[in-house]
$ cat input.cif   # mmCIF, C-alpha atoms
data_coords
#
loop_
_atom_site.label_atom_id
_atom_site.label_comp_id
_atom_site.auth_asym_id
_atom_site.auth_seq_id
_atom_site.Cartn_x
_atom_site.Cartn_y
_atom_site.Cartn_z
CA MET P 1 18.21 4.45 26.50
CA MET P 2 16.73 1.08 25.59
CA SER P 3 15.39 -1.23 28.24
CA SER P 4 17.11 -4.60 28.67
CA LYS P 5 13.89 -6.42 29.57
CA SER P 6 12.84 -9.22 27.22
CA ARG P 7 10.18 -8.25 24.71
CA THR P 8 7.25 -10.19 23.36
CA VAL P 9 4.41 -9.06 21.15
CA ILE P 10 1.02 -10.72 20.92
CA ILE P 11 -0.49 -9.80 17.57
CA VAL P 12 -4.24 -10.28 17.60
CA ALA P 13 -5.75 -11.02 14.19
CA GLY P 14 -9.36 -12.04 14.65
CA GLY P 15 -10.95 -10.48 11.59
CA LYS P 16 -13.45 -12.57 9.70
CA GLY P 17 -13.88 -10.20 6.76
CA GLU P 18 -17.40 -8.84 7.30
CA ARG P 19 -16.55 -5.16 7.60
CA MET P 20 -14.57 -4.96 4.36
CA ASN P 21 -17.40 -6.50 2.32
CA SER P 22 -14.94 -9.17 1.44
CA ASP P 23 -14.67 -12.91 2.00
CA VAL P 24 -11.00 -12.49 2.86
CA PRO P 25 -10.41 -11.76 6.59
CA LYS P 26 -8.95 -8.27 6.74
CA GLN P 27 -5.58 -9.38 8.15
CA PHE P 28 -5.01 -11.27 4.89
CA LEU P 29 -5.89 -8.44 2.50
CA LEU P 30 -2.93 -7.48 0.35
CA VAL P 31 -0.86 -4.33 0.72
CA HIS P 32 2.05 -4.17 -1.70
CA ASN P 33 1.16 -7.73 -2.64
CA GLN P 34 1.58 -9.06 0.89
CA PRO P 35 -1.06 -9.82 3.56
CA ILE P 36 -1.35 -6.96 6.07
CA LEU P 37 -0.52 -9.35 8.90
CA MET P 38 2.94 -9.96 7.40
CA HIS P 39 3.64 -6.22 7.38
CA THR P 40 2.57 -6.04 11.03
CA ILE P 41 4.82 -8.94 12.04
CA ARG P 42 7.72 -7.43 10.08
CA LEU P 43 7.28 -4.12 11.95
CA PHE P 44 8.09 -5.76 15.30
CA HIS P 45 10.90 -7.80 13.80
CA ARG P 46 12.46 -4.61 12.38
CA PHE P 47 12.02 -2.90 15.73
CA ASP P 48 13.81 -5.69 17.60
CA SER P 49 14.84 -8.91 15.87
CA GLY P 50 14.92 -10.52 19.34
CA CYS P 51 11.27 -9.70 20.03
CA GLY P 52 9.20 -12.82 20.62
CA ILE P 53 6.19 -12.86 18.27
CA ILE P 54 2.93 -14.64 19.04
CA VAL P 55 0.15 -14.40 16.47
CA VAL P 56 -3.42 -15.12 17.58
CA LEU P 57 -5.50 -16.39 14.67
CA PRO P 58 -8.91 -18.10 14.44
CA GLU P 59 -8.24 -21.83 14.26
CA SER P 60 -10.09 -22.06 10.95
CA GLN P 61 -7.56 -19.69 9.35
CA GLN P 62 -4.36 -21.34 10.50
CA LEU P 63 -3.82 -23.71 7.59
CA TYR P 64 -4.52 -20.91 5.16
CA TRP P 65 -1.97 -18.74 6.99
CA GLN P 66 0.64 -21.50 6.72
CA GLN P 67 0.01 -21.64 3.01
CA LEU P 68 0.26 -17.84 2.71
CA CYS P 69 3.60 -17.88 4.55
CA ALA P 70 4.90 -20.54 2.16
CA ASP P 71 3.61 -18.71 -0.92
CA HIS P 72 5.15 -15.41 0.19
CA HIS P 73 8.41 -16.98 1.42
CA PHE P 74 7.67 -15.31 4.74
CA ASP P 75 10.28 -16.55 7.19
CA ILE P 76 10.10 -14.29 10.26
CA PRO P 77 9.75 -16.76 13.15
CA HIS P 78 6.48 -16.54 15.06
CA ALA P 79 4.23 -18.76 17.14
CA VAL P 80 0.56 -19.15 16.21
CA VAL P 81 -2.13 -19.72 18.84
CA ALA P 82 -5.88 -20.11 18.45
CA GLY P 83 -8.21 -17.14 18.83
CA GLY P 84 -10.99 -17.04 21.42
CA ALA P 85 -14.65 -16.05 21.30
CA SER P 86 -13.78 -12.35 21.65
CA ARG P 87 -10.69 -10.16 21.80
CA PHE P 88 -10.38 -10.64 25.58
CA PHE P 89 -10.23 -14.42 25.22
CA SER P 90 -7.92 -14.18 22.20
CA VAL P 91 -5.41 -12.16 24.23
CA LYS P 92 -5.79 -14.62 27.12
CA ASN P 93 -4.88 -17.46 24.75
CA GLY P 94 -1.93 -15.46 23.44
CA LEU P 95 -0.64 -14.92 26.97
CA LYS P 96 -0.34 -18.67 27.72
CA PRO P 97 2.92 -19.25 25.81
CA ALA P 98 4.27 -15.76 26.67
CA PRO P 99 7.10 -15.43 29.22
CA ASP P 100 6.29 -14.54 32.84
CA GLU P 101 8.92 -11.78 32.92
CA GLY P 102 9.85 -8.86 30.72
CA LEU P 103 7.53 -6.72 28.65
CA ILE P 104 4.57 -7.88 26.60
CA ALA P 105 2.98 -5.77 23.88
CA ILE P 106 -0.53 -6.43 22.60
CA HIS P 107 -0.99 -5.19 19.04
CA ASP P 108 -3.76 -5.26 16.45
CA GLY P 109 -2.93 -7.43 13.45
CA VAL P 110 -4.34 -4.75 11.14
CA ARG P 111 -2.17 -1.90 12.42
CA PRO P 112 0.87 -2.21 10.15
CA LEU P 113 1.56 1.55 10.30
CA ALA P 114 2.73 2.02 13.89
CA SER P 115 6.07 3.80 13.71
CA ILE P 116 9.29 2.48 15.20
CA THR P 117 9.38 5.55 17.45
CA THR P 118 5.88 4.78 18.71
CA LEU P 119 7.07 1.26 19.58
CA GLU P 120 10.14 2.70 21.32
CA ARG P 121 8.06 5.13 23.36
CA CYS P 122 5.65 2.38 24.45
CA PHE P 123 8.34 -0.11 25.48
CA GLN P 124 10.51 2.52 27.15
CA SER P 125 7.63 3.94 29.16
CA ALA P 126 6.39 0.47 30.14
CA ALA P 127 9.88 -0.47 31.32
CA ILE P 128 9.42 2.21 34.00
CA SER P 129 5.64 2.46 34.50
CA ASN P 130 4.75 -1.22 33.81
CA ALA P 131 1.85 -0.11 31.61
CA ALA P 132 1.99 2.24 28.61
CA ILE P 133 -0.31 2.84 25.65
CA PRO P 134 -0.01 5.12 22.59
CA VAL P 135 -2.62 7.82 22.11
CA THR P 136 -3.22 10.66 19.67
CA ASP P 137 -5.13 13.91 19.83
CA ALA P 138 -8.46 14.08 18.04
CA VAL P 139 -8.14 16.22 14.91
CA GLU P 140 -11.91 16.48 14.66
CA SER P 141 -14.36 18.16 16.98
CA ILE P 142 -16.02 15.61 19.26
CA ARG P 143 -19.69 15.39 20.21
CA THR P 144 -21.28 13.14 22.75
CA LEU P 145 -24.72 11.62 22.28
CA THR P 146 -27.27 12.64 24.89
CA PRO P 147 -30.84 11.48 25.53
CA SER P 148 -32.09 14.60 23.72
CA GLY P 149 -29.59 14.65 20.82
CA SER P 150 -25.90 15.48 21.05
CA MET P 151 -23.59 18.12 22.46
CA ALA P 152 -20.08 19.36 21.77
CA VAL P 153 -17.40 18.41 24.28
CA ASP P 154 -13.92 19.85 24.84
CA ARG P 155 -11.80 17.68 22.56
CA SER P 156 -8.61 18.60 24.42
CA LEU P 157 -9.87 16.34 27.23
CA PHE P 158 -10.05 13.28 24.95
CA LYS P 159 -7.43 10.99 23.47
CA LEU P 160 -7.77 8.31 20.80
CA VAL P 161 -6.17 5.04 21.82
CA GLN P 162 -3.97 2.91 19.55
CA THR P 163 -1.80 -0.18 19.99
CA PRO P 164 0.78 -1.54 20.87
CA GLN P 165 -0.29 -1.51 24.51
CA VAL P 166 2.74 -2.63 26.51
CA PHE P 167 2.79 -4.09 30.01
CA GLU P 168 5.05 -5.81 32.47
CA ALA P 169 4.41 -9.53 31.89
CA SER P 170 3.31 -10.67 35.36
CA LEU P 171 1.02 -7.66 35.80
CA LEU P 172 -0.67 -8.34 32.45
CA LYS P 173 -1.08 -12.04 33.13
CA LYS P 174 -2.62 -11.39 36.55
CA ALA P 175 -4.94 -8.73 35.08
CA TYR P 176 -6.16 -11.21 32.47
CA GLU P 177 -7.11 -13.68 35.20
CA GLN P 178 -10.01 -11.36 36.11
CA GLU P 179 -13.48 -12.36 35.08
CA TYR P 180 -14.50 -10.86 31.73
CA SER P 181 -16.40 -7.56 31.83
CA ILE P 182 -18.04 -5.63 29.01
CA LEU P 183 -16.06 -2.64 30.28
CA PHE P 184 -12.89 -4.28 28.90
CA THR P 185 -12.60 -2.36 25.63
CA ASP P 186 -8.87 -2.82 25.33
CA ASP P 187 -5.91 -4.17 27.32
CA ALA P 188 -5.42 -0.90 29.20
CA SER P 189 -8.94 -1.14 30.61
CA VAL P 190 -8.24 -4.72 31.78
CA VAL P 191 -5.06 -3.61 33.58
CA GLU P 192 -6.78 -0.58 35.07
CA ALA P 193 -9.66 -2.71 36.35
CA TYR P 194 -6.98 -4.77 38.08
CA GLY P 195 -5.94 -1.56 39.86
CA HIS P 196 -2.83 -0.46 37.97
CA PRO P 197 -2.69 2.96 36.27
CA VAL P 198 -1.74 3.26 32.60
CA GLU P 199 0.77 5.73 31.20
CA LEU P 200 -0.16 7.55 27.98
CA VAL P 201 2.59 8.07 25.38
CA GLU P 202 2.43 9.68 21.96
CA GLY P 203 1.31 7.45 19.11
CA ASN P 204 1.70 8.32 15.43
CA PRO P 205 -1.33 9.53 13.47
CA GLU P 206 -0.67 7.14 10.56
CA ASN P 207 -1.10 4.17 12.92
CA ILE P 208 -4.64 3.42 11.76
CA LYS P 209 -6.58 0.22 12.17
CA VAL P 210 -7.20 -0.96 8.64
CA THR P 211 -10.95 -1.56 8.58
CA THR P 212 -12.36 0.01 5.41
CA PRO P 213 -11.47 -0.14 1.70
CA GLY P 214 -10.27 3.48 2.06
CA ASP P 215 -7.93 2.41 4.86
CA LEU P 216 -6.49 -0.23 2.57
CA LYS P 217 -5.60 2.47 0.04
CA ILE P 218 -4.08 4.52 2.85
CA ALA P 219 -1.96 1.58 3.97
CA GLU P 220 -0.89 1.02 0.38
CA ALA P 221 0.26 4.66 0.21
CA LEU P 222 2.00 4.84 3.58
CA ILE P 223 3.55 1.48 4.25
CA GLN P 224 7.28 1.15 4.04
CA GLN P 225 8.43 -1.54 1.72
CA ILE P 226 11.35 -3.55 3.01
CA MET U 1 -35.01 13.99 -3.66
CA MET U 2 -32.85 17.07 -4.01
CA SER U 3 -33.77 20.30 -2.33
CA SER U 4 -34.50 23.28 -4.51
CA LYS U 5 -33.05 25.78 -2.04
CA SER U 6 -30.07 27.77 -3.31
CA ARG U 7 -26.70 26.48 -2.15
CA THR U 8 -23.61 28.33 -1.12
CA VAL U 9 -20.40 27.00 0.38
CA ILE U 10 -17.95 29.03 2.43
CA ILE U 11 -14.58 27.31 2.21
CA VAL U 12 -12.34 28.38 5.06
CA ALA U 13 -8.62 28.20 4.29
CA GLY U 14 -6.73 29.88 7.08
CA GLY U 15 -3.65 27.66 7.27
CA LYS U 16 -0.31 29.37 7.64
CA GLY U 17 1.81 26.25 7.21
CA GLU U 18 3.19 25.77 10.72
CA ARG U 19 1.81 22.32 11.38
CA MET U 20 3.19 20.75 8.22
CA ASN U 21 6.74 21.97 8.92
CA SER U 22 6.49 23.81 5.66
CA ASP U 23 6.54 27.41 4.56
CA VAL U 24 3.67 26.70 2.20
CA PRO U 25 0.25 27.14 3.88
CA LYS U 26 -1.35 23.70 3.90
CA GLN U 27 -4.23 24.67 1.60
CA PHE U 28 -1.62 25.27 -1.15
CA LEU U 29 0.29 22.00 -0.78
CA LEU U 30 0.10 19.93 -3.93
CA VAL U 31 -1.95 16.78 -4.39
CA HIS U 32 -1.75 15.36 -7.90
CA ASN U 33 0.17 18.53 -8.80
CA GLN U 34 -2.64 20.84 -7.75
CA PRO U 35 -3.10 22.84 -4.53
CA ILE U 36 -5.44 21.05 -2.10
CA LEU U 37 -7.75 24.08 -2.07
CA MET U 38 -8.46 23.60 -5.79
CA HIS U 39 -9.50 20.00 -5.17
CA THR U 40 -11.83 21.17 -2.39
CA ILE U 41 -13.42 23.85 -4.59
CA ARG U 42 -13.79 21.34 -7.42
CA LEU U 43 -15.62 18.95 -5.07
CA PHE U 44 -18.46 21.42 -4.52
CA HIS U 45 -18.53 22.40 -8.18
CA ARG U 46 -18.88 18.71 -9.13
CA PHE U 47 -21.61 18.28 -6.53
CA ASP U 48 -23.61 21.20 -7.88
CA SER U 49 -22.29 23.46 -10.61
CA GLY U 50 -24.80 26.09 -9.43
CA CYS U 51 -23.37 26.13 -5.89
CA GLY U 52 -22.08 29.57 -4.92
CA ILE U 53 -18.46 29.32 -3.74
CA ILE U 54 -16.88 31.76 -1.30
CA VAL U 55 -13.25 31.14 -0.33
CA VAL U 56 -11.94 32.74 2.85
CA LEU U 57 -8.18 33.31 2.63
CA PRO U 58 -5.72 35.39 4.69
CA GLU U 59 -5.30 38.70 2.88
CA SER U 60 -1.55 38.12 2.58
CA GLN U 61 -2.16 35.00 0.49
CA GLN U 62 -4.65 36.40 -1.98
CA LEU U 63 -2.23 37.56 -4.66
CA TYR U 64 -0.40 34.26 -4.46
CA TRP U 65 -3.71 32.43 -4.87
CA GLN U 66 -4.52 34.49 -7.97
CA GLN U 67 -1.19 33.51 -9.41
CA LEU U 68 -1.78 29.83 -8.55
CA CYS U 69 -5.16 29.94 -10.30
CA ALA U 70 -3.54 31.42 -13.40
CA ASP U 71 -0.67 28.91 -13.35
CA HIS U 72 -3.04 25.95 -12.99
CA HIS U 73 -5.63 27.29 -15.46
CA PHE U 74 -8.14 26.96 -12.64
CA ASP U 75 -11.39 28.48 -13.85
CA ILE U 76 -14.12 27.40 -11.42
CA PRO U 77 -15.77 30.71 -10.44
CA HIS U 78 -15.42 31.66 -6.78
CA ALA U 79 -15.37 34.76 -4.62
CA VAL U 80 -12.43 35.42 -2.31
CA VAL U 81 -12.85 37.24 1.02
CA ALA U 82 -10.30 38.07 3.68
CA GLY U 83 -9.79 35.80 6.69
CA GLY U 84 -10.24 37.01 10.27
CA ALA U 85 -8.22 36.65 13.45
CA SER U 86 -9.66 33.17 14.08
CA ARG U 87 -11.96 30.67 12.39
CA PHE U 88 -15.06 32.31 13.91
CA PHE U 89 -14.19 35.69 12.42
CA SER U 90 -13.18 34.11 9.11
CA VAL U 91 -16.60 32.48 8.79
CA LYS U 92 -18.24 35.79 9.79
CA ASN U 93 -16.38 37.50 6.93
CA GLY U 94 -17.39 34.74 4.55
CA LEU U 95 -21.04 35.19 5.50
CA LYS U 96 -21.14 38.86 4.45
CA PRO U 97 -21.40 38.26 0.68
CA ALA U 98 -23.50 35.09 1.16
CA PRO U 99 -27.22 35.14 0.31
CA ASP U 100 -29.79 35.62 3.09
CA GLU U 101 -31.86 32.66 1.93
CA GLY U 102 -31.18 29.08 0.99
CA LEU U 103 -28.59 26.77 2.47
CA ILE U 104 -25.02 27.66 3.41
CA ALA U 105 -22.32 25.05 3.95
CA ILE U 106 -19.15 25.82 5.88
CA HIS U 107 -16.27 23.58 4.82
CA ASP U 108 -12.59 23.25 5.69
CA GLY U 109 -10.30 24.16 2.80
CA VAL U 110 -8.13 21.13 3.60
CA ARG U 111 -10.91 18.54 3.42
CA PRO U 112 -10.83 17.59 -0.26
CA LEU U 113 -12.00 14.03 0.46
CA ALA U 114 -15.61 14.59 1.51
CA SER U 115 -17.72 12.32 -0.67
CA ILE U 116 -20.54 13.53 -2.89
CA THR U 117 -22.93 11.38 -0.85
CA THR U 118 -21.76 13.08 2.36
CA LEU U 119 -22.52 16.43 0.73
CA GLU U 120 -25.92 15.17 -0.38
CA ARG U 121 -26.78 13.90 3.10
CA CYS U 122 -25.77 17.22 4.71
CA PHE U 123 -27.69 19.44 2.30
CA GLN U 124 -30.76 17.19 2.25
CA SER U 125 -30.94 16.99 6.03
CA ALA U 126 -30.36 20.74 6.42
CA ALA U 127 -33.17 21.43 3.92
CA ILE U 128 -35.51 19.90 6.51
CA SER U 129 -33.78 20.43 9.87
CA ASN U 130 -32.05 23.77 9.06
CA ALA U 131 -28.81 22.50 10.60
CA ALA U 132 -26.92 19.30 9.71
CA ILE U 133 -23.35 18.13 10.22
CA PRO U 134 -21.49 14.96 9.14
CA VAL U 135 -20.08 12.71 11.85
CA THR U 136 -18.29 9.36 11.98
CA ASP U 137 -17.86 6.71 14.64
CA ALA U 138 -14.55 6.53 16.44
CA VAL U 139 -12.60 3.46 15.30
CA GLU U 140 -10.23 3.79 18.26
CA SER U 141 -10.95 3.38 21.95
CA ILE U 142 -11.38 6.78 23.60
CA ARG U 143 -9.96 7.93 26.93
CA THR U 144 -10.71 11.10 28.77
CA LEU U 145 -8.10 12.97 30.79
CA THR U 146 -8.88 13.30 34.49
CA PRO U 147 -7.13 15.21 37.28
CA SER U 148 -5.47 11.94 38.35
CA GLY U 149 -4.63 10.52 34.91
CA SER U 150 -7.07 9.18 32.35
CA MET U 151 -9.98 6.77 32.06
CA ALA U 152 -11.67 4.78 29.31
CA VAL U 153 -15.06 6.03 28.15
CA ASP U 154 -17.76 4.28 26.12
CA ARG U 155 -16.83 5.20 22.56
CA SER U 156 -20.30 4.40 21.27
CA LEU U 157 -21.42 7.62 22.97
CA PHE U 158 -19.00 9.76 20.96
CA LYS U 159 -18.93 10.99 17.39
CA LEU U 160 -16.14 12.67 15.44
CA VAL U 161 -17.31 15.79 13.63
CA GLN U 162 -16.40 16.69 10.04
CA THR U 163 -17.44 19.35 7.57
CA PRO U 164 -19.40 20.49 5.52
CA GLN U 165 -21.68 21.82 8.23
CA VAL U 166 -24.82 23.03 6.48
CA PHE U 167 -27.39 25.53 7.77
CA GLU U 168 -30.34 27.57 6.68
CA ALA U 169 -28.85 30.95 5.71
CA SER U 170 -30.76 33.32 7.98
CA LEU U 171 -30.32 31.02 11.01
CA LEU U 172 -26.56 30.84 10.43
CA LYS U 173 -26.21 34.59 9.92
CA LYS U 174 -28.14 35.33 13.11
CA ALA U 175 -26.10 32.77 15.06
CA TYR U 176 -22.88 34.42 13.90
CA GLU U 177 -24.06 37.75 15.28
CA GLN U 178 -23.52 36.37 18.78
CA GLU U 179 -20.50 37.50 20.71
CA TYR U 180 -17.52 35.19 20.29
CA SER U 181 -17.09 32.45 22.91
CA ILE U 182 -14.25 29.97 23.36
CA LEU U 183 -16.95 27.30 23.39
CA PHE U 184 -17.40 27.88 19.64
CA THR U 185 -15.30 24.98 18.37
CA ASP U 186 -17.14 24.70 15.08
CA ASP U 187 -20.18 26.12 13.30
CA ALA U 188 -22.55 23.61 14.91
CA SER U 189 -21.59 24.88 18.36
CA VAL U 190 -22.30 28.48 17.27
CA VAL U 191 -25.75 27.52 16.01
CA GLU U 192 -26.48 25.46 19.12
CA ALA U 193 -25.46 28.33 21.38
CA TYR U 194 -28.02 30.38 19.47
CA GLY U 195 -30.61 27.80 20.58
CA HIS U 196 -31.09 25.66 17.48
CA PRO U 197 -30.43 21.88 17.59
CA VAL U 198 -28.13 20.26 15.05
CA GLU U 199 -28.91 17.09 13.12
CA LEU U 200 -26.13 14.47 12.79
CA VAL U 201 -25.75 12.71 9.44
CA GLU U 202 -23.22 10.12 8.33
CA GLY U 203 -19.90 11.45 7.06
CA ASN U 204 -17.36 9.37 5.15
CA PRO U 205 -14.25 8.10 6.93
CA GLU U 206 -11.90 9.28 4.15
CA ASN U 207 -13.02 12.88 4.76
CA ILE U 208 -9.91 13.77 6.75
CA LYS U 209 -8.55 17.21 7.50
CA VAL U 210 -5.16 17.26 5.81
CA THR U 211 -2.85 18.43 8.59
CA THR U 212 0.22 16.15 8.57
CA PRO U 213 2.67 14.93 5.90
CA GLY U 214 1.07 11.48 6.29
CA ASP U 215 -2.35 13.01 5.53
CA LEU U 216 -0.89 14.48 2.36
CA LYS U 217 0.14 11.00 1.21
CA ILE U 218 -3.35 9.76 2.10
CA ALA U 219 -4.95 12.53 0.04
CA GLU U 220 -2.62 11.69 -2.84
CA ALA U 221 -3.78 8.06 -2.67
CA LEU U 222 -7.50 8.71 -2.29
CA ILE U 223 -8.36 11.81 -4.24
CA GLN U 224 -10.30 11.45 -7.43
CA GLN U 225 -8.72 13.07 -10.40
CA ILE U 226 -11.15 14.78 -12.71
#
$ encode --input "input.cif" --output "structure tokens"
Amino acid sequence: MMSSKSRTVIIVAGGKGERMNSDVPKQFLLVHNQPILMHTIRLFHRFDSGCGIIVVLPESQQLYWQQLCADHHFDIPHAVVAGGASRFFSVKNGLKPAPDEGLIAIHDGVRPLASITTLERCFQSAAISNAAIPVTDAVESIRTLTPSGSMAVDRSLFKLVQTPQVFEASLLKKAYEQEYSILFTDDASVVEAYGHPVELVEGNPENIKVTTPGDLKIAEALIQQI
Amino acid sequence: MMSSKSRTVIIVAGGKGERMNSDVPKQFLLVHNQPILMHTIRLFHRFDSGCGIIVVLPESQQLYWQQLCADHHFDIPHAVVAGGASRFFSVKNGLKPAPDEGLIAIHDGVRPLASITTLERCFQSAAISNAAIPVTDAVESIRTLTPSGSMAVDRSLFKLVQTPQVFEASLLKKAYEQEYSILFTDDASVVEAYGHPVELVEGNPENIKVTTPGDLKIAEALIQQI
């Protein structure tokens, strides 16, 4: 059963290109001849053509993005707002034009491979719990670093966190009024610090953050062409 | 500088096919028209054509494997030994025909994407430390499950563990004489329980364990064809 609450997604694309050994910020790297960010936007539009889309981009990249949209005849409507000094402040900027009611998803611009069912699970759970994030099991063994070296931990106690992280709008906005803390590693941790628990739902393992040249090949292999 | 110690790899292929929703055990699924296990064997042969190769396979699959090798004209020499009731006992079986000196790597049959440099780092570190395993940083945020829900942890304190895990032969054999414990999640934990520390070296992010249909597409996209 789908929720009837309004939906908005804030897509955060702050990459400057360092990690890929490339001058092109990673959100603009091409997969099937289109910038990754376009695939990510299209994912939410396919999920719900009524979903409001707010893209957070460094100011210095906005003209280039306009040109890319023109060149690629990319016509999915979306607002563009300026990025901040870090992810926390970028999301804060993205929240300004977002509605005060309904559900707001925060999603990484370089995660074009979230599945529609992952999006459904996140929005449906958040419609009830007000805060839901997708997680996956670790396939690998996990070790934790210790002062004297490292030690194995029970991986069944750990989950890897993806996006979209979906929240009730007023809760999220109030949480983002808190003073910044280095403990804010993602939106869930901001909402938790505000005192609201976060529901975990199942993500999809393909929903990787595209950060290495190998990831780019993976995205090329897995992305659905529309 | 390469070590002059003899090298052996025990490739553990115990998959029965459940996780892939397939009747074909995952080590036999095709990538570039060849079973994954052949790609994994070829990786070690490319790394060092003098590397001894021991493949651990469920007894019920051994005739089928022979047939696959014939069909694919696969002629890289390797020994085949029977799998055990769990990974621990499979490795124990694989150790029986392995030499008592030199270095022994334990590797997952469904990790065909370890890089040659990962293999070099593991063997070179183990030549000095007697025990080395490849790890990567977590790209995702990490949460740990708690009695009341879950909480964010500092991901910089955690590492994801891959294979090959490489050890000095006599150390590994002695460690595997210990009684089985559910704390033995991988070979490193067996060696640590025996009292020997394990060195962490850098793995490569593409070195995934192929366990889902999406992983199979990833392997198809990333594997080097020789």
$ residues_around --input "input.cif" --residues "segment 94-109 of chain P" --least-positions-apart "4" --cutoff "7 Å" --atoms "all atoms listed in the file" --output "list in words"
Lys5, Ser6, Arg7, Thr8, Val9, Ile10, Ile11, Val12, Ala13, Gln27, Leu37, Thr40, Ile54, Val56, Val81, Ser90, Thr163, Pro164, Gln165, Val166, Phe167, Glu168, Ala169, Ser170 and Lys173 of chain P
$ interface_residues --input "input.cif" --of "chain P" --to "chain U" --cutoff "9 Å" --atoms "all atoms listed in the file" --output "PDB file with C-alpha atoms, in the coordinates of the input"
ATOM      1  CA  VAL P 135      -2.620   7.820  22.110  1.00  0.00           C
ATOM      2  CA  ALA P 138      -8.460  14.080  18.040  1.00  0.00           C
ATOM      3  CA  VAL P 139      -8.140  16.220  14.910  1.00  0.00           C
ATOM      4  CA  GLU P 140     -11.910  16.480  14.660  1.00  0.00           C
ATOM      5  CA  SER P 141     -14.360  18.160  16.980  1.00  0.00           C
ATOM      6  CA  ILE P 142     -16.020  15.610  19.260  1.00  0.00           C
ATOM      7  CA  ARG P 143     -19.690  15.390  20.210  1.00  0.00           C
ATOM      8  CA  THR P 144     -21.280  13.140  22.750  1.00  0.00           C
ATOM      9  CA  LEU P 145     -24.720  11.620  22.280  1.00  0.00           C
ATOM     10  CA  THR P 146     -27.270  12.640  24.890  1.00  0.00           C
ATOM     11  CA  GLY P 149     -29.590  14.650  20.820  1.00  0.00           C
ATOM     12  CA  SER P 150     -25.900  15.480  21.050  1.00  0.00           C
ATOM     13  CA  MET P 151     -23.590  18.120  22.460  1.00  0.00           C
ATOM     14  CA  ALA P 152     -20.080  19.360  21.770  1.00  0.00           C
ATOM     15  CA  VAL P 153     -17.400  18.410  24.280  1.00  0.00           C
ATOM     16  CA  ASP P 154     -13.920  19.850  24.840  1.00  0.00           C
ATOM     17  CA  SER P 156      -8.610  18.600  24.420  1.00  0.00           C
ATOM     18  CA  LEU P 157      -9.870  16.340  27.230  1.00  0.00           C
ATOM     19  CA  PHE P 158     -10.050  13.280  24.950  1.00  0.00           C
ATOM     20  CA  LYS P 159      -7.430  10.990  23.470  1.00  0.00           C
ATOM     21  CA  LEU P 160      -7.770   8.310  20.800  1.00  0.00           C
ATOM     22  CA  VAL P 161      -6.170   5.040  21.820  1.00  0.00           C
ATOM     23  CA  GLN P 162      -3.970   2.910  19.550  1.00  0.00           C
ATOM     24  CA  LEU P 183     -16.060  -2.640  30.280  1.00  0.00           C
ATOM     25  CA  THR P 185     -12.600  -2.360  25.630  1.00  0.00           C
ATOM     26  CA  ASP P 186      -8.870  -2.820  25.330  1.00  0.00           C
ATOM     27  CA  ALA P 188      -5.420  -0.900  29.200  1.00  0.00           C
ATOM     28  CA  SER P 189      -8.940  -1.140  30.610  1.00  0.00           C
ATOM     29  CA  GLU P 192      -6.780  -0.580  35.070  1.00  0.00           C
ATOM     30  CA  PRO P 197      -2.690   2.960  36.270  1.00  0.00           C
ATOM     31  CA  VAL P 198      -1.740   3.260  32.600  1.00  0.00           C
ATOM     32  CA  GLU P 199       0.770   5.730  31.200  1.00  0.00           C
ATOM     33  CA  LEU P 200      -0.160   7.550  27.980  1.00  0.00           C
ATOM     34  CA  PRO P 205      -1.330   9.530  13.470  1.00  0.00           C
ATOM     35  CA  GLU P 206      -0.670   7.140  10.560  1.00  0.00           C
ATOM     36  CA  ILE P 208      -4.640   3.420  11.760  1.00  0.00           C
ATOM     37  CA  LYS P 209      -6.580   0.220  12.170  1.00  0.00           C
ATOM     38  CA  THR P 211     -10.950  -1.560   8.580  1.00  0.00           C
ATOM     39  CA  THR P 212     -12.360   0.010   5.410  1.00  0.00           C
ATOM     40  CA  GLY P 214     -10.270   3.480   2.060  1.00  0.00           C
ATOM     41  CA  ASP P 215      -7.930   2.410   4.860  1.00  0.00           C
ATOM     42  CA  LYS P 217      -5.600   2.470   0.040  1.00  0.00           C
ATOM     43  CA  ILE P 218      -4.080   4.520   2.850  1.00  0.00           C
ATOM     44  CA  ALA P 219      -1.960   1.580   3.970  1.00  0.00           C
ATOM     45  CA  GLU P 220      -0.890   1.020   0.380  1.00  0.00           C
ATOM     46  CA  ALA P 221       0.260   4.660   0.210  1.00  0.00           C
ATOM     47  CA  LEU P 222       2.000   4.840   3.580  1.00  0.00           C
TER      48      LEU P 222
END
$ residues_near_point --input "input.cif" --point "(0.9, 30.3, 3.6)" --cutoff "10 Å" --atoms "all atoms listed in the file" --output "PyMOL selection string"
chain U and resi 13-18+22-29+57-58+60-62+64-65
$ atom_distance --input "input.cif" --atom1 "atom CA of Lys174 of chain U" --atom2 "atom CA of Met38 of chain U"
29.7 Å
$ atom_distance --input "input.cif" --atom1 "atom CA of Ala79 of chain P" --atom2 "atom CA of Ile182 of chain P"
28.4 Å
$ axis_aligned_box --input "input.cif" --around "segment 203-218 of chain U" --padding-each-side "8 Å" --output "AutoDock Vina command-line options"
--center_x -8.6 --center_y 13.3 --center_z 4.9 --size_x 38.6 --size_y 26.3 --size_z 23.4
$ atom_distance --input "input.cif" --atom1 "atom CA of Ile53 of chain P" --atom2 "atom CA of Leu30 of chain P"
20.8 Å
$ residues_around --input "input.cif" --residues "Ile76 of chain P" --least-positions-apart "2" --cutoff "10 Å" --atoms "all atoms listed in the file" --output "MDAnalysis selection string"
chainID P and resid 38 41:42 45 49 53 69 73:74 78
